[in-house]
Every structure is written in structure tokens, then in C-alpha cells.
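Shown next: protein-v2.cif, containing mmCIF, C-alpha atoms.
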data_query
loop_
_atom_site.group_PDB
_atom_site.id
_atom_site.type_symbol
_atom_site.label_atom_id
_atom_site.label_comp_id
_atom_site.auth_asym_id
_atom_site.auth_seq_id
_atom_site.Cartn_x
_atom_site.Cartn_y
_atom_site.Cartn_z
ATOM 1 C CA MET O 1 110.948 84.810 109.966
ATOM 2 C CA PRO O 2 112.295 87.516 107.607
ATOM 3 C CA VAL O 3 114.587 86.507 104.749
ATOM 4 C CA SER O 4 118.045 88.029 104.899
ATOM 5 C CA ARG O 5 119.207 90.356 102.147
ATOM 6 C CA PRO O 6 122.296 88.256 101.253
ATOM 7 C CA LEU O 7 120.115 85.157 100.786
ATOM 8 C CA THR O 8 117.672 87.094 98.608
ATOM 9 C CA ALA O 9 120.523 88.488 96.492
ATOM 10 C CA ALA O 10 122.096 85.047 96.091
ATOM 11 C CA THR O 11 118.774 83.512 95.054
ATOM 12 C CA GLY O 12 118.164 86.275 92.508
ATOM 13 C CA THR O 13 121.652 85.872 91.062
ATOM 14 C CA ALA O 14 121.210 82.100 90.736
ATOM 15 C CA LEU O 15 117.878 82.481 88.954
ATOM 16 C CA LEU O 16 119.342 85.061 86.557
ATOM 17 C CA GLY O 17 122.218 82.696 85.760
ATOM 18 C CA ILE O 18 119.821 79.849 84.991
ATOM 19 C CA ALA O 19 117.728 82.111 82.753
ATOM 20 C CA LEU O 20 120.781 83.296 80.813
ATOM 21 C CA VAL O 21 122.027 79.743 80.206
ATOM 22 C CA GLY O 22 118.598 78.740 78.910
ATOM 23 C CA CYS O 23 118.551 81.618 76.417
ATOM 24 C CA THR O 24 122.080 81.387 75.063
ATOM 25 C CA ASP O 25 122.690 81.097 71.337
ATOM 26 C CA HIS O 26 125.846 79.048 71.868
ATOM 27 C CA ALA O 27 126.403 75.446 72.907
ATOM 28 C CA LEU O 28 128.270 75.994 76.149
ATOM 29 C CA GLY O 29 131.274 73.715 76.414
ATOM 30 C CA THR O 30 133.846 72.129 74.132
ATOM 31 C CA ILE O 31 133.853 69.824 71.130
ATOM 32 C CA ILE O 32 137.112 67.983 70.484
ATOM 33 C CA ALA O 33 137.767 66.366 67.090
ATOM 34 C CA ARG O 34 140.765 64.240 66.122
ATOM 35 C CA ASP O 35 141.900 61.672 63.604
ATOM 36 C CA ALA O 36 142.825 58.042 64.263
ATOM 37 C CA ALA O 37 146.580 58.737 64.214
ATOM 38 C CA ALA O 38 146.174 61.643 66.682
ATOM 39 C CA ALA O 39 148.109 63.797 64.194
ATOM 40 C CA TYR O 40 145.172 66.231 64.072
ATOM 41 C CA ARG O 41 143.272 67.654 67.031
ATOM 42 C CA GLN O 42 140.786 70.536 66.914
ATOM 43 C CA VAL O 43 139.144 72.090 69.963
ATOM 44 C CA ILE O 44 135.981 74.123 69.369
ATOM 45 C CA SER O 45 134.684 76.123 72.335
ATOM 46 C CA ASN O 46 131.114 77.386 72.684
ATOM 47 C CA PRO O 47 130.031 76.931 69.036
ATOM 48 C CA ALA O 48 126.988 78.886 67.893
ATOM 49 C CA VAL O 49 123.632 77.117 67.812
ATOM 50 C CA GLY O 50 122.327 77.214 64.255
ATOM 51 C CA GLY O 51 124.244 76.921 61.043
ATOM 52 C CA CYS O 52 126.865 74.460 59.925
ATOM 53 C CA HIS O 53 130.333 74.109 61.455
ATOM 54 C CA ARG O 54 133.254 72.529 59.597
ATOM 55 C CA PHE O 55 136.136 70.596 61.032
ATOM 56 C CA ALA O 56 139.517 71.827 59.776
ATOM 57 C CA ARG O 57 140.278 68.243 58.678
ATOM 58 C CA GLY O 58 138.298 65.032 58.648
ATOM 59 C CA ALA O 59 137.669 63.724 62.163
ATOM 60 C CA THR O 60 137.437 60.062 63.083
ATOM 61 C CA HIS O 61 136.773 60.664 66.800
ATOM 62 C CA VAL O 62 134.618 63.407 68.361
ATOM 63 C CA ASP O 63 134.028 64.255 72.038
ATOM 64 C CA ASN O 64 130.959 66.380 72.767
ATOM 65 C CA PHE O 65 131.477 68.147 76.083
ATOM 66 C CA THR O 66 128.805 70.786 75.429
ATOM 67 C CA GLN O 67 125.346 71.168 76.911
ATOM 68 C CA ASN O 68 123.744 70.401 73.509
ATOM 69 C CA ASP O 69 123.519 67.319 71.333
ATOM 70 C CA ILE O 70 125.198 67.522 67.927
ATOM 71 C CA ILE O 71 124.796 65.862 64.535
ATOM 72 C CA LEU O 72 127.978 64.817 62.697
ATOM 73 C CA TYR O 73 128.136 64.679 58.894
ATOM 74 C CA GLN O 74 130.580 63.007 56.530
ATOM 75 C CA GLY O 75 129.989 65.712 53.945
ATOM 76 C CA ASP O 76 130.989 69.356 53.911
ATOM 77 C CA ASN O 77 128.278 71.926 54.637
ATOM 78 C CA CYS O 78 126.340 69.498 56.863
ATOM 79 C CA ALA O 79 125.187 67.428 53.911
ATOM 80 C CA GLU O 80 125.662 63.743 53.290
ATOM 81 C CA PRO O 81 127.383 62.419 50.186
ATOM 82 C CA ALA O 82 125.758 59.515 48.350
ATOM 83 C CA ASN O 83 125.522 56.517 50.705
ATOM 84 C CA GLY O 84 126.649 58.730 53.605
ATOM 85 C CA GLN O 85 125.078 58.712 57.024
ATOM 86 C CA SER O 86 124.834 61.348 59.751
ATOM 87 C CA THR O 87 125.550 60.492 63.387
ATOM 88 C CA TYR O 88 123.651 61.862 66.396
ATOM 89 C CA LEU O 89 125.998 62.517 69.320
ATOM 90 C CA ALA O 90 124.421 63.256 72.683
ATOM 91 C CA THR O 91 125.829 65.746 75.136
ATOM 92 C CA GLN O 92 128.746 64.580 77.278
ATOM 93 C CA SER O 93 129.544 61.621 75.003
ATOM 94 C CA SER O 94 132.037 60.487 72.355
ATOM 95 C CA ASP O 95 131.967 58.497 69.128
ATOM 96 C CA ASN O 96 134.293 57.043 66.490
ATOM 97 C CA VAL O 97 133.580 56.538 62.804
ATOM 98 C CA VAL O 98 132.902 52.957 61.792
ATOM 99 C CA ALA O 99 135.981 51.267 60.329
ATOM 100 C CA GLY O 100 136.109 51.826 56.582
ATOM 101 C CA SER O 101 133.743 54.829 56.719
ATOM 102 C CA ALA O 102 134.586 58.365 55.672
ATOM 103 C CA PRO O 103 135.560 60.811 58.437
ATOM 104 C CA TRP O 104 133.202 63.484 59.714
ATOM 105 C CA ARG O 105 133.755 66.861 58.061
ATOM 106 C CA SER O 106 131.016 69.030 59.589
ATOM 107 C CA PHE O 107 128.431 69.232 62.362
ATOM 108 C CA THR O 108 125.349 71.094 63.544
ATOM 109 C CA ILE O 109 124.206 71.885 67.055
ATOM 110 C CA VAL O 110 120.776 70.603 68.058
ATOM 111 C CA GLY O 111 118.983 73.733 69.296
ATOM 112 C CA ARG O 112 116.792 74.008 72.341
#

Just give me the structure of the file as C-alpha cells.
Amino acid sequence: MPVSRPLTAATGTALLGIALVGCTDHALGTIIARDAAAAYRQVISNPAVGGCHRFARGATHVDNFTQNDIILYQGDNCAEPANGQSTYLATQSSDNVVAGSAPWRSFTIVGR
């Protein structure tokens, strides 16, 4: 049975879309950062994979709604201050800083 042209075109378009998503240099989706008092909220859309990203202010809660995992840092420039600890945050998840800990100030995207 011959394959119809519309089905062939749709299949080709779907495969191209999958290939483009796999090769993107951005984490597709949104990262939302906020503080405990909800006085600060920052939405970051499609951040670049590679390099360090800073939050505008310290964040005590982060939602990762991207297609990549991220690493959160208490220090600026994706470095940890003395006695600091980074936090691995998987895709489609959220986390809060531990009570008494410093807020997160930067993050990196885990590349593919």
C-alpha cells in the first residue's frame, strides 16, 4: 500500500522537530526563582546551556520547568563560598534552601 504524501510530510516534519530540540543550545522551558517572602520573583525563559547564570537577587525557592537539569550555587559566578554547597535540581522539579542556609545566587545548566 503506498504511503500518502501528507503522512510522509508530517513524519518528516516531526523528525526534523525532534532533531532540532536535541541540538539546541538552550534549555527549553522556564526557571522561576523567588524568595521566602515572595517579594522577589524572577522568570528566566530558555537559558543558554553553558556558562553561569545569576539570579537578580538571592533565591530561596527555584522551580525548574526546563528540559535540562540545573545546578544551583550559593555563590556568585557559579562558585561556592567556604562551607557552601551546590544543589542539583532535576528537570520538572522544585527545591527550597535549607532553613538557615544562604540563598542561591547563580546556576548552570547541565548540558546534553

Hits from the PyMOL selection byres ((chain O and resi 72-89) around 10), listed as a PDB file with C-alpha atoms, in the frame of the given file:
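Everything below was put into selection_12.pdb:
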ATOM      1  CA  GLY O  51     124.244  76.921  61.043  1.00  0.00           C
ATOM      2  CA  CYS O  52     126.865  74.460  59.925  1.00  0.00           C
ATOM      3  CA  HIS O  53     130.333  74.109  61.455  1.00  0.00           C
ATOM      4  CA  ARG O  54     133.254  72.529  59.597  1.00  0.00           C
ATOM      5  CA  PHE O  55     136.136  70.596  61.032  1.00  0.00           C
ATOM      6  CA  GLY O  58     138.298  65.032  58.648  1.00  0.00           C
ATOM      7  CA  ALA O  59     137.669  63.724  62.163  1.00  0.00           C
ATOM      8  CA  THR O  60     137.437  60.062  63.083  1.00  0.00           C
ATOM      9  CA  VAL O  62     134.618  63.407  68.361  1.00  0.00           C
ATOM     10  CA  ASP O  63     134.028  64.255  72.038  1.00  0.00           C
ATOM     11  CA  ASN O  64     130.959  66.380  72.767  1.00  0.00           C
ATOM     12  CA  ASN O  68     123.744  70.401  73.509  1.00  0.00           C
ATOM     13  CA  ASP O  69     123.519  67.319  71.333  1.00  0.00           C
ATOM     14  CA  ILE O  70     125.198  67.522  67.927  1.00  0.00           C
ATOM     15  CA  ILE O  71     124.796  65.862  64.535  1.00  0.00           C
ATOM     16  CA  ALA O  90     124.421  63.256  72.683  1.00  0.00           C
ATOM     17  CA  THR O  91     125.829  65.746  75.136  1.00  0.00           C
ATOM     18  CA  GLN O  92     128.746  64.580  77.278  1.00  0.00           C
ATOM     19  CA  SER O  93     129.544  61.621  75.003  1.00  0.00           C
ATOM     20  CA  SER O  94     132.037  60.487  72.355  1.00  0.00           C
ATOM     21  CA  ASP O  95     131.967  58.497  69.128  1.00  0.00           C
ATOM     22  CA  ASN O  96     134.293  57.043  66.490  1.00  0.00           C
ATOM     23  CA  VAL O  97     133.580  56.538  62.804  1.00  0.00           C
ATOM     24  CA  SER O 101     133.743  54.829  56.719  1.00  0.00           C
ATOM     25  CA  ALA O 102     134.586  58.365  55.672  1.00  0.00           C
ATOM     26  CA  PRO O 103     135.560  60.811  58.437  1.00  0.00           C
ATOM     27  CA  TRP O 104     133.202  63.484  59.714  1.00  0.00           C
ATOM     28  CA  ARG O 105     133.755  66.861  58.061  1.00  0.00           C
ATOM     29  CA  SER O 106     131.016  69.030  59.589  1.00  0.00           C
ATOM     30  CA  PHE O 107     128.431  69.232  62.362  1.00  0.00           C
ATOM     31  CA  THR O 108     125.349  71.094  63.544  1.00  0.00           C
ATOM     32  CA  ILE O 109     124.206  71.885  67.055  1.00  0.00           C
ATOM     33  CA  VAL O 110     120.776  70.603  68.058  1.00  0.00           C
TER      34      VAL O 110
END

Taking all atoms of segment 63-71 of chain O that appear in the file, build a box with edges along x, y and z, extend it by 8 Å on every side, and state its centre and edge lengths in Å to one decimal, as AutoDock Vina command-line options.
--center_x 128.8 --center_y 67.7 --center_z 70.7 --size_x 26.5 --size_y 22.9 --size_z 28.4

Non-local contacts of Val43 of chain O (9 Å; all atoms listed in the file; under 5 positions in same chain excluded) as a ChimeraX atom specification: /O:30-34

Just to be explicit: take each residue in the selection above, keep C-alpha atoms, and write the result as a PDB file, keeping the file's coordinate frame.
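Full text of part-v2.pdb as output:
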ATOM      1  CA  THR O  30     133.846  72.129  74.132  1.00  0.00           C
ATOM      2  CA  ILE O  31     133.853  69.824  71.130  1.00  0.00           C
ATOM      3  CA  ILE O  32     137.112  67.983  70.484  1.00  0.00           C
ATOM      4  CA  ALA O  33     137.767  66.366  67.090  1.00  0.00           C
ATOM      5  CA  ARG O  34     140.765  64.240  66.122  1.00  0.00           C
TER       6      ARG O  34
END

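Taking atom CA of Phe65 of chain O as the reference point, atom CA of Ala99 of chain O is found at 23.5 Å.
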
Counting only C-alpha atoms, which residue out of O:Ile44, O:Gly100, O:Arg57, O:Val49 sits closest to Gly29 of chain O? O:Ile44

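Atom CA of Thr66 of chain O sits 23.4 Å away from atom CA of Ala39 of chain O.
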
Which residues would end up in the selection if the PyMOL selection byres ((chain O and resi 46) around 6) were applied here, given that I need the answer as a PyMOL selection string? chain O and resi 26-29+45+47

Just to be explicit: take each residue in the selection above, keep C-alpha atoms, and write the result as an mmCIF file, in the frame of the given file.
data_model
loop_
_atom_site.group_PDB
_atom_site.id
_atom_site.type_symbol
_atom_site.label_atom_id
_atom_site.label_comp_id
_atom_site.auth_asym_id
_atom_site.auth_seq_id
_atom_site.Cartn_x
_atom_site.Cartn_y
_atom_site.Cartn_z
ATOM 1 C CA HIS O 26 125.846 79.048 71.868
ATOM 2 C CA ALA O 27 126.403 75.446 72.907
ATOM 3 C CA LEU O 28 128.270 75.994 76.149
ATOM 4 C CA GLY O 29 131.274 73.715 76.414
ATOM 5 C CA SER O 45 134.684 76.123 72.335
ATOM 6 C CA PRO O 47 130.031 76.931 69.036
#

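Residue nearest Gly111 of chain O, chosen from O:Gly50, O:Gln42, O:Val98, O:Ala36 and counting all atoms listed in the file: O:Gly50.
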
Would you pull segment 45-58 of chain O out of the block just shown and save N, CA, C and O atoms as an mmCIF file, in the first residue's frame?
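Result saved to part_37.cif:
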data_model
loop_
_atom_site.group_PDB
_atom_site.id
_atom_site.type_symbol
_atom_site.label_atom_id
_atom_site.label_comp_id
_atom_site.auth_asym_id
_atom_site.auth_seq_id
_atom_site.Cartn_x
_atom_site.Cartn_y
_atom_site.Cartn_z
ATOM 1 N N SER O 45 13.483 32.458 30.877
ATOM 2 C CA SER O 45 12.995 31.583 29.810
ATOM 3 C C SER O 45 14.131 31.162 28.889
ATOM 4 O O SER O 45 14.933 32.002 28.465
ATOM 5 N N ASN O 46 14.185 29.887 28.597
ATOM 6 C CA ASN O 46 15.132 29.308 27.638
ATOM 7 C C ASN O 46 16.579 29.763 27.862
ATOM 8 O O ASN O 46 17.213 30.286 26.943
ATOM 9 N N PRO O 47 17.124 29.568 29.073
ATOM 10 C CA PRO O 47 18.510 29.995 29.311
ATOM 11 C C PRO O 47 19.495 29.171 28.486
ATOM 12 O O PRO O 47 19.246 28.009 28.174
ATOM 13 N N ALA O 48 20.594 29.802 28.127
ATOM 14 C CA ALA O 48 21.620 29.136 27.318
ATOM 15 C C ALA O 48 22.291 28.016 28.112
ATOM 16 O O ALA O 48 22.515 28.135 29.313
ATOM 17 N N VAL O 49 22.577 26.922 27.417
ATOM 18 C CA VAL O 49 23.352 25.831 28.009
ATOM 19 C C VAL O 49 24.815 26.261 27.958
ATOM 20 O O VAL O 49 25.292 26.729 26.938
ATOM 21 N N GLY O 50 25.512 26.121 29.044
ATOM 22 C CA GLY O 50 26.905 26.562 29.108
ATOM 23 C C GLY O 50 26.979 27.929 29.767
ATOM 24 O O GLY O 50 26.107 28.774 29.600
ATOM 25 N N GLY O 51 27.998 28.113 30.547
ATOM 26 C CA GLY O 51 28.169 29.381 31.236
ATOM 27 C C GLY O 51 27.391 29.441 32.534
ATOM 28 O O GLY O 51 26.651 28.532 32.893
ATOM 29 N N CYS O 52 27.584 30.535 33.227
ATOM 30 C CA CYS O 52 26.958 30.753 34.527
ATOM 31 C C CYS O 52 25.854 31.797 34.388
ATOM 32 O O CYS O 52 26.008 32.785 33.682
ATOM 33 N N HIS O 53 24.746 31.561 35.079
ATOM 34 C CA HIS O 53 23.615 32.487 35.078
ATOM 35 C C HIS O 53 23.407 32.981 36.506
ATOM 36 O O HIS O 53 23.406 32.172 37.438
ATOM 37 N N ARG O 54 23.203 34.268 36.668
ATOM 38 C CA ARG O 54 22.971 34.838 38.001
ATOM 39 C C ARG O 54 21.503 35.162 38.203
ATOM 40 O O ARG O 54 20.819 35.586 37.280
ATOM 41 N N PHE O 55 21.052 34.964 39.432
ATOM 42 C CA PHE O 55 19.737 35.448 39.811
ATOM 43 C C PHE O 55 19.880 36.933 40.158
ATOM 44 O O PHE O 55 20.912 37.352 40.683
ATOM 45 N N ALA O 56 18.861 37.718 39.888
ATOM 46 C CA ALA O 56 18.914 39.153 40.163
ATOM 47 C C ALA O 56 19.069 39.410 41.668
ATOM 48 O O ALA O 56 19.740 40.363 42.072
ATOM 49 N N ARG O 57 18.450 38.560 42.470
ATOM 50 C CA ARG O 57 18.584 38.596 43.933
ATOM 51 C C ARG O 57 18.703 37.162 44.416
ATOM 52 O O ARG O 57 18.449 36.231 43.667
ATOM 53 N N GLY O 58 19.065 36.993 45.661
ATOM 54 C CA GLY O 58 19.158 35.643 46.209
ATOM 55 C C GLY O 58 17.807 34.946 46.184
ATOM 56 O O GLY O 58 16.792 35.541 46.525
#
